[in-house]
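Contents: one structure, followed by commentary.
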Amino acid sequence: MRSLVLTGFNHLTLSVTDLSSSFDFYSRLLNFRPAATWDTGAYLTLGELWLCLSLDKTNGAKGSSTYTHYAFSIQQADFQEFRQKLRNNGVTEWQQNQSEGDSFYFLDPDGHQLEAHVGSLSSRLAECKERPYKGMQFFT
């Protein structure tokens with residue numbers, strides 16, 4: 001049997017309550033490089049790190065789940081079997097995939113929101129150029 005392996009850190013998504021100030025903080029103060037923005041989010045990079053800022057739809061309500069999560073890379077060839085392995089072991093799925101590239105969103109034993117993702121910022125941006133999010137702008 002083949003070993004199903006996550007291959008590295010893919011991206012970090014942070015739920016933010018004020019997209020403009022968070023974008024300014026990460027780009028101006030921490031020198032993250034903007035890749036794209038849209039009405040409810042932004043993609044930035046710092047070296048190899050892909051950071052997504054996502055406007056918090058819960059308005060910071062206590063006890064509400066946010067979209068903050070940690071994503072790990074996985075090869076397409078391993079994705080289906082990896083997802084089935086976790087499901088067979090009772091791992092909780094916290095969201096269905098709605099974006100480019102196969103993704104499995106799951107919880108660890110402490111409830112941390114994780115994702116196994118096939119794809120990269122480059123593949124995401126290519127998809128977004130074909131079907132941009134509302135208000136999307138791209139940076140060079």
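Within each chain, counting starts at residue 1; across the structure tokens, chains are named A, B, ... in the order shown, with ligands numbered 1 upward in that order.
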
Margin query: Among chain A, which ones does DSSP assign to strand (DSSP E or B) (computed from the backbone)? Answer as a PyMOL selection string.
Written below: chain A and resi 6-16+33-38+41-46+49-55+69-74+93-95+103-107+113-117+137-138

Next item on the list: Excluding Phe79 in chain A and residues on its chain fewer than 6 positions from it, collect all residues at most 10 Å away from it, counting only C-alpha atoms, and give them as a ChimeraX atom specification.
Entry: /A:4-6,73,85,102-104,116-118

Would you output that residue set with C-alpha atoms, as an mmCIF file, in the first residue's frame?
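File written: out-v7.cif
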data_model
loop_
_atom_site.group_PDB
_atom_site.id
_atom_site.type_symbol
_atom_site.label_atom_id
_atom_site.label_comp_id
_atom_site.auth_asym_id
_atom_site.auth_seq_id
_atom_site.Cartn_x
_atom_site.Cartn_y
_atom_site.Cartn_z
ATOM 1 C CA LEU A 4 -0.465 8.951 1.750
ATOM 2 C CA VAL A 5 1.560 11.991 2.659
ATOM 3 C CA LEU A 6 0.870 15.644 3.089
ATOM 4 C CA SER A 73 -0.466 20.422 0.352
ATOM 5 C CA LYS A 85 -8.916 7.371 5.175
ATOM 6 C CA ASP A 102 -9.585 19.622 -4.516
ATOM 7 C CA SER A 103 -9.758 20.361 -0.796
ATOM 8 C CA PHE A 104 -10.792 18.392 2.254
ATOM 9 C CA ALA A 116 -5.677 19.206 2.679
ATOM 10 C CA HIS A 117 -5.440 21.104 -0.618
ATOM 11 C CA VAL A 118 -4.395 20.205 -4.151
#

Next item on the list: Pick out the residues sitting within 12 Å of range 131-135 of chain A, and hand them over as an NGL selection string; count only C-alpha atoms, and ignore anything fewer than 5 positions along from it in its own chain.
Entry: :A and (36-43 or 99-100 or 124-126)

Item checked: Test item: residues at most 8 Å from Gln113 in chain A, only C-alpha atoms, excluding those fewer than 6 positions along its chain, as a list in words ->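 Non-adjacent residues within range: Thr68, His69, Tyr70, Trp94, Tyr105, Phe106 and Leu107 of chain A.
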
Check: Quick one: distance from CA of Leu51 in chain A to CA of Phe32 in chain A in Å, one decimal?
Finding: 8.7 Å

Margin query: Need the shell around Leu49 in chain A: protein/DNA/RNA residues with any atom at most 12 Å away, counting only C-alpha atoms. Skip same-chain ones fewer than 4 positions apart. Format as a list in words?
Written below: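 Once the adjacent positions are removed, what remains is Gly8, Phe9, Asn10, His11, Leu12, Thr13, Phe32, Arg33, Pro34, Ala35, Tyr43, Leu44, Thr45, Tyr70, Ala71, Phe72, Ser120 and Leu121 of chain A.
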
For the residues in the current selection, export N, CA and C atoms as a CSV table (one decimal), in the first residue's frame.
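Dumped everything to selection25.csv:
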chain,number,residue,atom,x,y,z
A,8,GLY,N,3.6,19.4,2.6
A,8,GLY,CA,4.1,20.6,3.1
A,8,GLY,C,2.9,21.6,3.5
A,9,PHE,N,3.3,22.7,4.0
A,9,PHE,CA,2.3,23.8,4.3
A,9,PHE,C,1.9,24.4,3.0
A,10,ASN,N,0.6,24.6,2.8
A,10,ASN,CA,0.1,25.2,1.6
A,10,ASN,C,-0.3,26.6,1.8
A,11,HIS,N,-1.2,26.9,2.7
A,11,HIS,CA,-1.5,28.3,2.9
A,11,HIS,C,-2.2,28.5,4.3
A,12,LEU,N,-2.2,29.8,4.7
A,12,LEU,CA,-2.9,30.1,6.0
A,12,LEU,C,-4.0,31.1,5.6
A,13,THR,N,-5.2,30.8,6.1
A,13,THR,CA,-6.4,31.7,5.9
A,13,THR,C,-6.7,32.3,7.3
A,32,PHE,N,4.3,41.9,3.5
A,32,PHE,CA,3.7,40.9,2.6
A,32,PHE,C,3.5,41.5,1.3
A,33,ARG,N,3.6,40.7,0.2
A,33,ARG,CA,3.4,41.2,-1.2
A,33,ARG,C,2.0,40.9,-1.6
A,34,PRO,N,1.2,41.9,-1.9
A,34,PRO,CA,-0.2,41.7,-2.4
A,34,PRO,C,-0.2,40.9,-3.7
A,35,ALA,N,-1.0,40.0,-3.8
A,35,ALA,CA,-1.2,39.2,-5.1
A,35,ALA,C,-2.6,39.6,-5.7
A,43,TYR,N,-5.3,38.0,-1.2
A,43,TYR,CA,-4.2,37.0,-1.2
A,43,TYR,C,-2.9,37.8,-1.2
A,44,LEU,N,-2.0,37.4,-0.3
A,44,LEU,CA,-0.7,38.0,-0.1
A,44,LEU,C,0.4,36.9,0.0
A,45,THR,N,1.6,37.3,-0.2
A,45,THR,CA,2.7,36.3,-0.1
A,45,THR,C,3.8,36.9,0.7
A,70,TYR,N,-5.7,26.2,8.6
A,70,TYR,CA,-4.3,25.9,8.2
A,70,TYR,C,-4.4,24.9,7.1
A,71,ALA,N,-3.8,25.1,5.9
A,71,ALA,CA,-3.9,24.2,4.8
A,71,ALA,C,-2.6,23.6,4.5
A,72,PHE,N,-2.6,22.3,4.2
A,72,PHE,CA,-1.4,21.5,3.9
A,72,PHE,C,-1.6,21.0,2.4
A,120,SER,N,-2.1,25.5,-5.7
A,120,SER,CA,-1.2,26.5,-5.2
A,120,SER,C,-1.8,27.9,-5.4
A,121,LEU,N,-1.1,28.9,-5.0
A,121,LEU,CA,-1.6,30.3,-5.2
A,121,LEU,C,-1.6,30.5,-6.7

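Put simply, CA of Ser123 in chain A is 8.0 Å away from CA of Gly101 in chain A.
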
Margin query: Taking only C-alpha atoms into account, name the residue in A:Thr7, A:Glu81, A:Leu14, A:Glu115 that is nearest to Gln96 in chain A.
Written below: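 Going through A:Thr7, A:Glu81, A:Leu14, A:Glu115 one by one, the smallest distance to Gln96 in chain A is for A:Glu115.
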
Note to self: Give me the residues near Asn31 in chain A as a list in words, where near means some atom within 12 Å (using only C-alpha atoms) and where sequence neighbours in that chain fewer than 5 positions away do not count.
What the structure shows: Phe23, Asp24, Phe25, Tyr26, Leu44, Thr45, Leu46 and Gly47 of chain A

Could you write out the selected residues, including N, CA and C atoms, as an mmCIF file, in the first residue's frame?
data_model
loop_
_atom_site.group_PDB
_atom_site.id
_atom_site.type_symbol
_atom_site.label_atom_id
_atom_site.label_comp_id
_atom_site.auth_asym_id
_atom_site.auth_seq_id
_atom_site.Cartn_x
_atom_site.Cartn_y
_atom_site.Cartn_z
ATOM 1 N N PHE A 23 -5.294 44.268 5.566
ATOM 2 C CA PHE A 23 -4.495 44.330 4.345
ATOM 3 C C PHE A 23 -3.336 45.306 4.536
ATOM 4 N N ASP A 24 -3.627 46.470 5.107
ATOM 5 C CA ASP A 24 -2.598 47.468 5.368
ATOM 6 C C ASP A 24 -1.547 46.926 6.336
ATOM 7 N N PHE A 25 -1.995 46.280 7.411
ATOM 8 C CA PHE A 25 -1.085 45.728 8.410
ATOM 9 C C PHE A 25 -0.111 44.734 7.780
ATOM 10 N N TYR A 26 -0.647 43.763 7.037
ATOM 11 C CA TYR A 26 0.215 42.723 6.466
ATOM 12 C C TYR A 26 1.071 43.239 5.320
ATOM 13 N N LEU A 44 -1.999 37.411 -0.269
ATOM 14 C CA LEU A 44 -0.690 38.038 -0.131
ATOM 15 C C LEU A 44 0.356 36.936 -0.011
ATOM 16 N N THR A 45 1.620 37.293 -0.242
ATOM 17 C CA THR A 45 2.700 36.319 -0.091
ATOM 18 C C THR A 45 3.824 36.927 0.736
ATOM 19 N N LEU A 46 4.552 36.050 1.392
ATOM 20 C CA LEU A 46 5.777 36.403 2.100
ATOM 21 C C LEU A 46 6.710 35.224 1.886
ATOM 22 N N GLY A 47 7.689 35.389 1.012
ATOM 23 C CA GLY A 47 8.519 34.252 0.626
ATOM 24 C C GLY A 47 7.624 33.204 -0.003
#
